[in-house]
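Asker: Contents of protein.csv (CSV, C-alpha atoms and all ligand atoms) are below:
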chain,number,residue,atom,x,y,z
W,1,MET,CA,-19.6,19.4,-4.8
W,2,LYS,CA,-20.8,15.9,-5.6
W,3,LEU,CA,-21.8,13.5,-2.8
W,4,PRO,CA,-20.7,11.0,-1.6
W,5,ILE,CA,-17.1,12.2,-1.2
W,6,TYR,CA,-14.4,9.6,-1.7
W,7,LEU,CA,-11.7,9.7,1.0
W,8,ASP,CA,-10.7,6.1,1.0
W,9,ASN,CA,-7.7,6.3,-1.4
W,10,HIS,CA,-5.7,3.7,0.4
W,11,ALA,CA,-8.3,1.1,-0.5
W,12,THR,CA,-8.3,2.0,-4.1
W,13,THR,CA,-8.1,5.1,-6.3
W,14,GLN,CA,-10.4,6.4,-9.1
W,15,LEU,CA,-9.1,5.6,-12.6
W,16,ASP,CA,-7.5,8.7,-14.0
W,17,PRO,CA,-9.4,9.7,-17.3
W,18,ARG,CA,-6.0,10.0,-19.0
W,19,VAL,CA,-5.3,6.4,-18.0
W,20,LEU,CA,-8.6,5.2,-19.3
W,21,GLU,CA,-8.0,7.0,-22.6
W,22,ALA,CA,-4.7,5.3,-23.0
W,23,MET,CA,-6.2,1.9,-22.3
W,24,LEU,CA,-9.3,2.1,-24.6
W,25,PRO,CA,-7.7,1.2,-27.9
W,26,TYR,CA,-6.3,-2.0,-26.3
W,27,LEU,CA,-9.9,-2.9,-25.3
W,28,SER,CA,-11.1,-2.6,-28.8
W,29,ASP,CA,-9.1,-2.5,-32.1
W,30,LYS,CA,-5.7,-3.3,-30.7
W,31,PHE,CA,-6.7,-6.5,-29.1
W,32,GLY,CA,-3.7,-8.6,-30.0
W,33,ASN,CA,-1.9,-11.1,-27.8
W,34,ALA,CA,1.5,-9.7,-26.8
W,35,ALA,CA,3.0,-13.1,-27.3
W,36,SER,CA,1.8,-13.5,-30.9
W,37,ARG,CA,4.9,-13.2,-33.0
W,38,SER,CA,3.6,-13.7,-36.5
W,39,HIS,CA,1.4,-10.6,-37.1
W,40,GLN,CA,0.7,-7.0,-36.7
W,41,PHE,CA,-1.8,-7.4,-33.9
W,42,GLY,CA,0.7,-9.2,-31.7
W,43,TRP,CA,3.5,-6.8,-32.5
W,44,GLU,CA,1.4,-3.8,-31.6
W,45,ALA,CA,0.4,-5.3,-28.3
W,46,GLU,CA,4.0,-6.2,-27.5
W,47,GLN,CA,5.2,-2.7,-28.3
W,48,ALA,CA,2.5,-1.3,-25.9
W,49,VAL,CA,3.6,-3.7,-23.2
W,50,GLU,CA,7.3,-2.8,-23.6
W,51,ALA,CA,6.5,1.0,-23.6
W,52,ALA,CA,4.6,0.5,-20.3
W,53,ARG,CA,7.6,-1.5,-18.9
W,54,GLU,CA,9.8,1.5,-19.6
W,55,GLN,CA,7.3,4.0,-18.0
W,56,ILE,CA,7.2,1.9,-14.8
W,57,ALA,CA,10.9,1.4,-14.7
W,58,LYS,CA,11.5,5.1,-15.1
W,59,LEU,CA,9.3,6.0,-12.2
W,60,ILE,CA,11.2,3.7,-9.8
W,61,GLY,CA,14.8,4.2,-11.2
W,62,ALA,CA,14.9,0.6,-12.6
W,63,SER,CA,15.7,-0.9,-16.0
W,64,SER,CA,12.7,-2.2,-18.0
W,65,LYS,CA,14.0,-5.8,-18.0
W,66,GLU,CA,13.7,-5.8,-14.2
W,67,ILE,CA,9.9,-5.4,-14.4
W,68,ILE,CA,7.6,-8.5,-14.3
W,69,PHE,CA,3.9,-8.0,-14.8
W,70,THR,CA,1.5,-9.7,-12.4
W,71,SER,CA,-2.2,-9.5,-11.5
W,72,GLY,CA,-1.6,-7.0,-8.7
W,73,ALA,CA,0.4,-6.6,-5.5
W,74,THR,CA,-1.0,-9.7,-3.7
W,75,GLU,CA,0.5,-11.8,-6.5
W,76,SER,CA,3.7,-9.7,-6.6
W,77,ASP,CA,4.2,-10.2,-2.8
W,78,ASN,CA,3.6,-14.0,-3.2
W,79,LEU,CA,6.0,-14.2,-6.1
W,80,ALA,CA,8.7,-12.2,-4.3
W,81,ILE,CA,8.5,-14.0,-1.0
W,82,LYS,CA,7.7,-17.5,-2.0
W,83,GLY,CA,9.9,-17.1,-5.1
W,84,VAL,CA,13.0,-16.1,-3.1
W,85,ALA,CA,12.3,-18.6,-0.4
W,86,GLU,CA,12.2,-21.4,-2.9
W,87,ALA,CA,15.2,-20.2,-5.0
W,88,TYR,CA,17.5,-19.6,-1.9
W,89,ARG,CA,16.4,-22.6,0.1
W,90,LYS,CA,19.9,-24.1,0.0
W,91,LYS,CA,21.3,-20.9,1.5
W,92,GLY,CA,18.9,-20.6,4.4
W,93,ASN,CA,15.4,-20.8,5.7
W,94,HIS,CA,15.0,-17.6,7.8
W,95,ILE,CA,12.8,-14.7,6.8
W,96,MET,CA,12.1,-11.4,8.6
W,97,THR,CA,9.1,-9.2,8.4
W,98,ALA,CA,7.1,-6.8,10.6
W,99,VAL,CA,3.8,-7.4,12.4
W,100,THR,CA,2.2,-4.4,10.6
W,101,GLU,CA,2.7,-5.8,7.1
W,102,HIS,CA,-0.3,-6.3,4.7
W,103,LYS,CA,-1.9,-9.7,4.9
W,104,ALA,CA,-0.5,-10.5,1.4
W,105,VAL,CA,2.9,-10.5,3.0
W,106,LEU,CA,2.0,-12.0,6.4
W,107,ASP,CA,0.0,-14.9,5.0
W,108,CYS,CA,2.9,-15.8,2.6
W,109,CYS,CA,5.2,-15.9,5.6
W,110,LYS,CA,2.7,-18.1,7.5
W,111,HIS,CA,2.5,-20.4,4.5
W,112,LEU,CA,6.2,-20.7,4.4
W,113,GLU,CA,6.3,-21.5,8.2
W,114,LYS,CA,4.3,-24.6,7.4
W,115,HIS,CA,7.0,-25.6,4.9
W,116,GLY,CA,10.0,-25.5,7.1
W,117,TYR,CA,10.9,-21.8,7.1
W,118,ARG,CA,11.4,-19.7,10.2
W,119,VAL,CA,9.9,-16.2,10.3
W,120,THR,CA,10.8,-13.4,12.7
W,121,TYR,CA,7.9,-10.9,13.0
W,122,LEU,CA,9.4,-7.6,14.2
W,123,PRO,CA,7.3,-5.5,16.5
W,124,VAL,CA,6.8,-1.8,16.0
W,125,ALA,CA,6.9,1.1,18.4
W,126,ALA,CA,3.9,3.4,19.2
W,127,ASP,CA,4.9,5.5,16.2
W,128,GLY,CA,4.6,2.5,13.9
W,129,LEU,CA,8.3,2.2,13.1
W,130,ILE,CA,10.3,-1.0,13.4
W,131,SER,CA,13.6,-0.8,15.4
W,132,LEU,CA,16.7,-1.1,13.2
W,133,GLU,CA,18.6,-2.5,16.1
W,134,ALA,CA,16.0,-5.3,16.6
W,135,LEU,CA,16.3,-6.0,12.8
W,136,GLN,CA,20.0,-6.2,13.0
W,137,ASN,CA,20.0,-8.4,16.1
W,138,ALA,CA,17.6,-10.9,14.4
W,139,PHE,CA,19.8,-11.6,11.4
W,140,THR,CA,21.3,-15.2,11.5
W,141,ASP,CA,23.5,-17.0,9.0
W,142,LYS,CA,20.3,-18.6,7.7
W,143,THR,CA,18.5,-15.3,6.9
W,144,ILE,CA,17.7,-15.1,3.2
W,145,LEU,CA,15.1,-12.3,3.0
W,146,VAL,CA,13.7,-9.3,4.8
W,147,THR,CA,10.3,-8.1,3.7
W,148,ILE,CA,9.2,-4.7,5.0
W,149,MET,CA,6.7,-2.4,3.4
W,150,TYR,CA,7.5,1.2,2.3
W,151,ALA,CA,4.3,2.8,3.6
W,152,ASN,CA,1.6,1.2,5.7
W,153,ASN,CA,-1.9,1.0,4.2
W,154,GLU,CA,-3.7,1.9,7.4
W,155,ILE,CA,-1.5,4.4,9.2
W,156,GLY,CA,0.5,5.6,6.3
W,157,VAL,CA,3.7,5.3,8.3
W,158,LEU,CA,6.9,5.1,6.3
W,159,GLN,CA,9.5,2.6,7.4
W,160,PRO,CA,13.3,3.6,7.2
W,161,VAL,CA,13.7,1.7,3.9
W,162,THR,CA,17.2,3.0,3.1
W,163,GLU,CA,18.5,2.0,6.5
W,164,ILE,CA,16.8,-1.4,6.3
W,165,ALA,CA,18.3,-2.0,2.9
W,166,LYS,CA,21.8,-1.0,4.1
W,167,LEU,CA,21.6,-3.6,6.9
W,168,CYS,CA,20.4,-6.2,4.5
W,169,ARG,CA,23.2,-5.4,2.1
W,170,GLU,CA,25.8,-5.7,4.9
W,171,GLY,CA,24.3,-9.1,5.9
W,172,GLY,CA,24.1,-10.4,2.4
W,173,VAL,CA,20.3,-10.7,2.7
W,174,LEU,CA,17.8,-9.8,0.0
W,175,PHE,CA,15.3,-7.0,0.7
W,176,HIS,CA,11.7,-7.1,-0.6
W,177,CYS,CA,9.6,-4.0,-0.2
W,178,ASP,CA,5.8,-3.8,-0.7
W,179,ALA,CA,5.7,-0.3,-2.0
W,180,VAL,CA,2.1,-0.3,-3.1
W,181,GLN,CA,1.0,2.7,-1.0
W,182,ALA,CA,4.2,4.7,-1.6
W,183,ILE,CA,4.6,4.5,-5.4
W,184,GLY,CA,3.3,7.7,-7.1
W,185,LYS,CA,2.8,9.3,-3.7
W,186,ILE,CA,6.4,9.9,-2.6
W,187,PRO,CA,9.7,9.5,-4.6
W,188,VAL,CA,10.7,5.8,-4.7
W,189,ASP,CA,14.0,4.8,-6.3
W,190,VAL,CA,15.2,1.2,-6.1
W,191,ASN,CA,18.8,2.1,-6.4
W,192,ARG,CA,18.9,5.0,-4.0
W,193,ASP,CA,16.8,3.0,-1.6
W,194,GLY,CA,18.7,-0.3,-2.1
W,195,ILE,CA,15.6,-2.4,-2.8
W,196,ASP,CA,16.1,-5.9,-4.4
W,197,LEU,CA,12.4,-6.8,-5.0
W,198,MET,CA,9.5,-4.4,-5.0
W,199,SER,CA,5.7,-4.9,-5.3
W,200,ILE,CA,3.6,-2.4,-7.3
W,201,THR,CA,-0.2,-2.3,-8.1
W,202,ALA,CA,-1.9,-0.1,-10.5
W,203,HIS,CA,-5.2,0.5,-8.7
W,204,LYS,CA,-3.5,2.5,-5.9
W,205,LEU,CA,-2.1,5.0,-8.3
W,206,TYR,CA,-5.1,5.9,-10.4
W,207,GLY,CA,-4.7,2.9,-12.7
W,208,PRO,CA,-7.0,-0.1,-13.3
W,209,LYS,CA,-7.6,-3.0,-10.9
W,210,GLY,CA,-6.1,-6.5,-11.5
W,211,VAL,CA,-2.7,-5.5,-12.8
W,212,GLY,CA,0.6,-4.9,-11.0
W,213,ALA,CA,4.3,-5.6,-11.3
W,214,LEU,CA,7.2,-7.0,-9.4
W,215,TYR,CA,10.6,-5.3,-9.7
W,216,VAL,CA,13.4,-7.9,-9.5
W,217,ARG,CA,17.0,-6.6,-9.3
W,218,SER,CA,19.1,-7.9,-12.2
W,219,LYS,CA,22.6,-6.9,-11.0
W,220,ASN,CA,24.4,-6.1,-7.8
W,221,PRO,CA,23.1,-8.6,-6.8
W,222,ARG,CA,21.3,-10.6,-9.5
W,223,VAL,CA,18.2,-11.8,-7.8
W,224,GLU,CA,16.8,-15.3,-8.5
W,225,ILE,CA,13.2,-16.1,-8.0
W,226,ALA,CA,11.3,-19.4,-8.6
W,227,ALA,CA,8.2,-18.9,-10.7
W,228,GLN,CA,4.9,-19.5,-8.8
W,229,ILE,CA,2.7,-19.8,-11.9
W,230,ASP,CA,3.9,-22.2,-14.5
W,231,GLY,CA,2.7,-22.3,-18.1
W,232,GLY,CA,3.7,-20.7,-21.4
W,233,GLY,CA,6.9,-19.1,-20.1
W,234,HIS,CA,5.8,-15.5,-20.3
W,235,GLU,CA,7.8,-12.8,-18.5
W,236,ARG,CA,11.0,-14.8,-19.1
W,237,GLY,CA,9.5,-17.8,-17.4
W,238,MET,CA,9.0,-15.9,-14.1
W,239,ARG,CA,5.2,-15.5,-14.5
W,240,SER,CA,3.3,-17.4,-17.1
W,241,GLY,CA,-0.1,-16.3,-18.5
W,242,THR,CA,-1.3,-14.1,-21.3
W,243,LEU,CA,-0.5,-10.5,-20.5
W,244,ASN,CA,-3.3,-8.1,-19.5
W,245,VAL,CA,-2.4,-5.6,-22.3
W,246,PRO,CA,-5.0,-2.9,-21.5
W,247,GLY,CA,-4.2,-3.2,-17.8
W,248,ILE,CA,-0.5,-3.0,-18.4
W,249,VAL,CA,-0.9,0.1,-20.7
W,250,GLY,CA,-3.0,1.6,-17.9
W,251,LEU,CA,-0.3,0.9,-15.3
W,252,GLY,CA,2.4,2.4,-17.5
W,253,LYS,CA,0.3,5.6,-18.2
W,254,ALA,CA,-0.4,5.9,-14.4
W,255,CYS,CA,3.3,5.8,-13.7
W,256,GLU,CA,4.1,8.3,-16.4
W,257,ILE,CA,1.5,10.7,-14.9
W,258,ALA,CA,2.9,10.2,-11.4
W,259,MET,CA,6.4,10.8,-12.7
W,260,SER,CA,5.5,14.3,-14.0
W,261,GLU,CA,3.0,15.3,-11.3
W,262,LEU,CA,4.2,13.8,-8.1
W,263,PRO,CA,6.1,16.6,-6.4
W,264,GLU,CA,3.4,19.2,-6.8
W,265,GLU,CA,0.5,16.8,-6.3
W,266,SER,CA,1.9,15.4,-3.0
W,267,ARG,CA,2.4,19.0,-1.7
W,268,GLY,CA,-1.3,19.8,-2.4
W,269,ILE,CA,-2.5,16.5,-0.9
W,270,ALA,CA,-0.4,17.0,2.3
W,271,ALA,CA,-1.9,20.5,2.6
W,272,LEU,CA,-5.4,19.1,2.4
W,273,ARG,CA,-4.6,16.4,5.0
W,274,ASP,CA,-3.1,19.0,7.3
W,275,LYS,CA,-6.1,21.2,7.0
W,276,LEU,CA,-8.4,18.3,7.9
W,277,LYS,CA,-6.2,17.4,10.9
W,278,LEU,CA,-6.2,20.9,12.1
W,279,GLN,CA,-10.0,21.4,11.8
W,280,LEU,CA,-10.6,18.1,13.7
W,281,GLU,CA,-8.1,19.0,16.4
W,282,GLU,CA,-9.3,22.5,16.9
W,283,ASN,CA,-12.9,21.6,17.2
W,284,LEU,CA,-12.8,18.3,19.1
W,285,ASP,CA,-11.3,17.2,22.4
W,286,ASP,CA,-9.5,13.8,22.8
W,287,VAL,CA,-8.5,13.4,19.1
W,288,TYR,CA,-5.2,11.6,18.5
W,289,VAL,CA,-3.3,10.7,15.3
W,290,ASN,CA,-2.2,7.1,15.3
W,291,GLY,CA,1.4,6.6,14.3
W,292,SER,CA,4.2,9.0,13.4
W,293,MET,CA,3.2,12.2,11.8
W,294,GLU,CA,6.7,12.9,10.7
W,295,HIS,CA,7.2,9.7,8.8
W,296,ARG,CA,3.9,9.5,7.0
W,297,LEU,CA,2.4,9.5,3.5
W,298,PRO,CA,1.1,12.9,2.5
W,299,GLY,CA,-2.5,11.7,2.0
W,300,ASN,CA,-2.9,9.7,5.1
W,301,LEU,CA,-4.7,10.7,8.3
W,302,ASN,CA,-5.4,7.8,10.7
W,303,ILE,CA,-7.1,9.4,13.7
W,304,ARG,CA,-9.0,8.3,16.7
W,305,PHE,CA,-11.9,10.0,18.5
W,306,ASP,CA,-11.7,8.6,22.0
W,307,GLY,CA,-15.0,7.4,23.4
W,308,VAL,CA,-16.6,7.2,20.0
W,309,ASP,CA,-17.4,3.9,18.3
W,310,SER,CA,-16.2,4.2,14.7
W,311,GLU,CA,-19.0,2.1,13.3
W,312,SER,CA,-21.5,4.5,14.7
W,313,LEU,CA,-19.4,7.4,13.4
W,314,LEU,CA,-19.3,5.8,9.9
W,315,MET,CA,-23.1,5.5,9.9
W,316,GLY,CA,-23.4,9.2,10.9
W,317,ILE,CA,-21.2,10.4,8.1
W,318,ASN,CA,-22.7,8.1,5.4
W,319,ASP,CA,-22.0,10.6,2.6
W,320,ILE,CA,-18.3,10.3,3.1
W,321,ALA,CA,-16.4,7.2,2.1
W,322,VAL,CA,-13.7,6.5,4.7
W,323,SER,CA,-12.8,3.3,6.5
W,324,THR,CA,-12.5,2.4,10.1
W,325,GLY,CA,-9.6,1.0,12.0
W,326,ALA,CA,-11.3,-2.4,11.9
W,327,ALA,CA,-11.2,-5.2,9.5
W,328,CYS,CA,-14.2,-7.5,8.9
W,329,THR,CA,-13.3,-11.2,8.9
W,330,ALA,CA,-16.3,-13.3,8.0
W,331,ALA,CA,-19.1,-12.0,10.2
W,332,LYS,CA,-17.0,-10.6,13.0
W,333,ILE,CA,-15.5,-7.1,13.2
W,334,GLU,CA,-12.0,-7.3,14.6
W,335,PRO,CA,-10.0,-4.4,15.8
W,336,SER,CA,-7.2,-3.6,13.4
W,337,TYR,CA,-4.0,-5.7,14.1
W,338,VAL,CA,-2.0,-2.7,12.9
W,339,LEU,CA,-3.4,-0.4,15.5
W,340,LYS,CA,-3.1,-3.1,18.1
W,341,ALA,CA,0.5,-3.4,17.3
W,342,LEU,CA,1.0,0.3,18.1
W,343,GLY,CA,-0.2,-0.5,21.6
W,344,LEU,CA,-3.8,0.7,21.2
W,345,THR,CA,-6.6,-1.0,23.2
W,346,ASP,CA,-9.5,-2.7,21.3
W,347,GLU,CA,-11.6,0.3,22.3
W,348,GLN,CA,-9.1,2.8,21.0
W,349,ALA,CA,-8.7,0.8,17.7
W,350,ASN,CA,-12.4,0.8,17.3
W,351,SER,CA,-12.7,4.5,17.7
W,352,THR,CA,-10.4,5.2,14.7
W,353,LEU,CA,-11.1,6.5,11.1
W,354,ARG,CA,-8.7,6.2,8.2
W,355,PHE,CA,-8.8,9.1,5.8
W,356,GLY,CA,-7.0,8.6,2.5
W,357,ILE,CA,-6.8,11.8,0.5
W,358,GLY,CA,-6.0,11.6,-3.2
W,359,ARG,CA,-5.6,13.4,-6.6
W,360,PHE,CA,-9.2,14.2,-7.1
W,361,ASN,CA,-10.1,15.6,-3.7
W,362,THR,CA,-10.8,19.3,-3.3
W,363,GLU,CA,-10.6,21.8,-0.5
W,364,ALA,CA,-14.4,22.1,-0.4
W,365,GLU,CA,-14.7,18.3,0.1
W,366,ILE,CA,-12.2,18.4,3.0
W,367,ASP,CA,-14.1,21.3,4.7
W,368,TYR,CA,-17.4,19.4,4.3
W,369,ALA,CA,-15.9,16.2,5.6
W,370,ALA,CA,-14.4,17.9,8.6
W,371,GLU,CA,-17.7,19.6,9.4
W,372,ARG,CA,-19.7,16.3,9.2
W,373,VAL,CA,-17.2,14.4,11.3
W,374,ILE,CA,-17.0,17.2,14.0
W,375,ASP,CA,-20.8,17.4,14.2
W,376,THR,CA,-21.3,13.6,14.4
W,377,VAL,CA,-18.5,13.1,17.0
W,378,LYS,CA,-20.1,15.8,19.1
W,379,LYS,CA,-23.6,14.2,18.8
W,380,LEU,CA,-22.3,10.7,19.6
W,381,ARG,CA,-20.4,12.0,22.6
W,382,GLU,CA,-23.5,13.9,23.9
W,383,LEU,CA,-25.5,10.8,23.4
W,384,SER,CA,-23.1,8.6,25.3
W,385,VAL,CA,-22.9,11.1,28.2
W,386,SER,CA,-26.7,11.3,28.6
W,387,PHE,CA,-27.0,7.5,28.1
W,388,GLY,CA,-24.3,7.1,30.8
W,389,ILE,CA,-26.2,9.5,33.2
W,390,GLU,CA,-29.5,7.6,32.6
W,391,ARG,CA,-27.8,4.3,33.4
W,392,ALA,CA,-26.2,5.7,36.5
W,393,VAL,CA,-29.6,7.1,37.7
W,394,GLY,CA,-31.3,3.8,37.0
W,395,GLN,CA,-28.9,1.7,39.0
W,401,LIG,N1,0.0,-4.5,-0.2
W,401,LIG,C1,-0.5,-3.4,0.4
W,401,LIG,C2,0.3,-2.5,1.3
W,401,LIG,C3,-1.8,-2.9,0.0
W,401,LIG,O1,-2.3,-1.8,0.5
W,401,LIG,C4,-2.5,-3.7,-0.9
W,401,LIG,C5,-3.9,-3.4,-1.2
W,401,LIG,O2,-4.9,-3.6,-0.5
W,401,LIG,C6,-2.0,-4.9,-1.4
W,401,LIG,C7,-0.7,-5.3,-1.0
W,401,LIG,C8,-2.7,-5.8,-2.3
W,401,LIG,O3,-2.7,-5.3,-3.6
W,401,LIG,P1,-3.7,-5.9,-4.7
W,401,LIG,O4,-5.1,-5.3,-4.4
W,401,LIG,O5,-3.2,-5.3,-6.0
W,401,LIG,O6,-3.6,-7.3,-4.7
Rewrite the structure from the file as structure tokens, please.
Ligand code: PLP
Answerer:
Amino acid sequence: MKLPIYLDNHATTQLDPRVLEAMLPYLSDKFGNAASRSHQFGWEAEQAVEAAREQIAKLIGASSKEIIFTSGATESDNLAIKGVAEAYRKKGNHIMTAVTEHKAVLDCCKHLEKHGYRVTYLPVAADGLISLEALQNAFTDKTILVTIMYANNEIGVLQPVTEIAKLCREGGVLFHCDAVQAIGKIPVDVNRDGIDLMSITAHKLYGPKGVGALYVRSKNPRVEIAAQIDGGGHERGMRSGTLNVPGIVGLGKACEIAMSELPEESRGIAALRDKLKLQLEENLDDVYVNGSMEHRLPGNLNIRFDGVDSESLLMGINDIAVSTGAACTAAKIEPSYVLKALGLTDEQANSTLRFGIGRFNTEAEIDYAAERVIDTVKKLRELSVSFGIERAVGQ
């Protein structure tokens, strides 16, 4: 077993060697610009891009012409939300989202609020799920877009996407879904699920960083978006800029692998996650999973160790790469807004670890991580008890 152990697969994933192999020719001999129409180099690049478009479309049940390449999901979220807001401005100015969305979505909404749009931020229950009733009640005749994620990047909780889509369809409202954490981990199908726009990024599914895609429905209904990056008119005018051919080839290959390996892989990953959970729960008191266990990604375990400061815990397990339930903004460590939205106190949010288990993790790694966490939590709790007694005696 090689240390350190990587258990932070929601942040990013390791490039699959098969993806790297597919990309390499496009970083050397096959360096053409996919928009070059007059020679072999350009045609070769274009063919590779179109093959990747097919691979991505196949994984999500779309047609290849509905895929627009971007630099990643932050850009896809921006293009979807601002692009729809601008294109449908005459129809209305109301957008709905949830408080636990990724910043890429929330900050787009905040931006639009400064430009005359009204945004409803739906709360979530302690299990991390939005209320469908609250969503339905918040629709107005000015609502143009609902943007709700498939799976949360911190707590792994899956929103009721199909039901959300149904309500949107009934209300004649478009539905954008940030599916970054779900794609390649659970089956996602834009037609079965009723999604109109969907954000994807390669680096969360064992592909390279800096490349992603936006799915835009072409019929029933045909979705319009206003381009957010103007230039040479690439991607049918919806996103200008020379295509990142090696990155796109990598994203395509990552989707092809996910397509063939997803069912078995997700079962294996869920088994590792359940083993980790069981070991922690059997050996430690006051351990609680944050958010619904039933509606959750197979590889996610967001768990809190009451009375333990997660920053101290992280330092104690420095050969294991996980993240805390905290986000660093400039110099300050803030408790996670996602955990706070579930109703956790600052202290509870700051005693949380997020484990993200992925394709390359082994059972031995999980056993080692569990042992290290159990030991460290016990030590930290002992320390705080003796520290507490000393303080009490001193007073
Ligand atoms: N949306 C979600 C849910 C994410 O987890 C991430 C990754 O951090 C993003 C969007 C942003 O993706 P990218 O890193 O490709 O910009």
Asker: Find the distance between atom CA of W:Leu129 and atom CA of W:Leu214 and write it in Å to one decimal.
Answerer: 24.3 Å
Asker: Would you compute the distance between atom CA of W:Leu313 and atom CA of W:His203? Give it in Å to one decimal.
Answerer: 27.2 Å
Asker: Around ligand LIG 401 (chain W), at most 6 Å away and counting only C-alpha atoms and all ligand atoms, which residues are there? Put them as a PyMOL selection string, please.
Answerer: chain W and resi 11+72-74+102+104+152-153+178+180-181+201
Asker: Give as a PyMOL selection string the set of residues within 7 Å of the point (9.4, -7.6, -15.5), where distances use the file's coordinates and all atoms listed in the file.
Answerer: chain W and resi 64-69+213-215+235
Asker: May I have the residues within 7 Å of W:Leu342 as a VMD selection string, using all atoms listed in the file and disregarding those fewer than 2 positions away in the same chain?
Answerer: chain W and resid 124 to 128 338 to 340 344
Asker: Could the residues in this selection be saved with C-alpha atoms as a JSON list (two decimals), in the coordinates of the input?
Answerer:
[["chain", "number", "residue", "atom", "x", "y", "z"],
["W", 124, "VAL", "CA", 6.80, -1.80, 16.00],
["W", 125, "ALA", "CA", 6.90, 1.10, 18.40],
["W", 126, "ALA", "CA", 3.90, 3.40, 19.20],
["W", 127, "ASP", "CA", 4.90, 5.50, 16.20],
["W", 128, "GLY", "CA", 4.60, 2.50, 13.90],
["W", 338, "VAL", "CA", -2.00, -2.70, 12.90],
["W", 339, "LEU", "CA", -3.40, -0.40, 15.50],
["W", 340, "LYS", "CA", -3.10, -3.10, 18.10],
["W", 344, "LEU", "CA", -3.80, 0.70, 21.20]]
Asker: I need the residue nearest W:Ser36 from this list: W:Lys277, W:Thr242, W:Arg118, W:Ser292. Use all atoms listed in the file for the distance.
Answerer: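 Of W:Lys277, W:Thr242, W:Arg118, W:Ser292, the one nearest W:Ser36 is W:Thr242, counting all atoms listed in the file.
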Asker: Can I get stretch 275-286 of chain W with N, CA and C atoms filled in, as a short mmCIF file (atom, residue, chain, number, x, y, z; two decimals), keeping the file's coordinate frame?
Answerer:
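Dumped everything to result.cif:
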data_model
loop_
_atom_site.label_atom_id
_atom_site.label_comp_id
_atom_site.auth_asym_id
_atom_site.auth_seq_id
_atom_site.Cartn_x
_atom_site.Cartn_y
_atom_site.Cartn_z
N LYS W 275 -4.95 20.34 6.71
CA LYS W 275 -6.10 21.20 7.00
C LYS W 275 -7.19 20.34 7.71
N LEU W 276 -7.41 19.14 7.23
CA LEU W 276 -8.40 18.30 7.90
C LEU W 276 -8.01 17.98 9.31
N LYS W 277 -6.75 17.68 9.52
CA LYS W 277 -6.20 17.40 10.90
C LYS W 277 -6.45 18.57 11.79
N LEU W 278 -6.09 19.74 11.30
CA LEU W 278 -6.20 20.90 12.10
C LEU W 278 -7.66 21.21 12.50
N GLN W 279 -8.56 21.08 11.53
CA GLN W 279 -10.00 21.40 11.80
C GLN W 279 -10.51 20.38 12.85
N LEU W 280 -10.14 19.12 12.74
CA LEU W 280 -10.60 18.10 13.70
C LEU W 280 -10.05 18.41 15.08
N GLU W 281 -8.76 18.73 15.13
CA GLU W 281 -8.10 19.00 16.40
C GLU W 281 -8.57 20.24 17.09
N GLU W 282 -8.87 21.25 16.27
CA GLU W 282 -9.30 22.50 16.90
C GLU W 282 -10.73 22.48 17.38
N ASN W 283 -11.53 21.58 16.83
CA ASN W 283 -12.90 21.60 17.20
C ASN W 283 -13.38 20.43 18.08
N LEU W 284 -12.48 19.51 18.32
CA LEU W 284 -12.80 18.30 19.10
C LEU W 284 -11.78 18.05 20.19
N ASP W 285 -12.21 17.60 21.35
CA ASP W 285 -11.30 17.20 22.40
C ASP W 285 -10.94 15.67 22.14
N ASP W 286 -9.89 15.23 22.77
CA ASP W 286 -9.50 13.80 22.80
C ASP W 286 -9.48 13.19 21.37
#
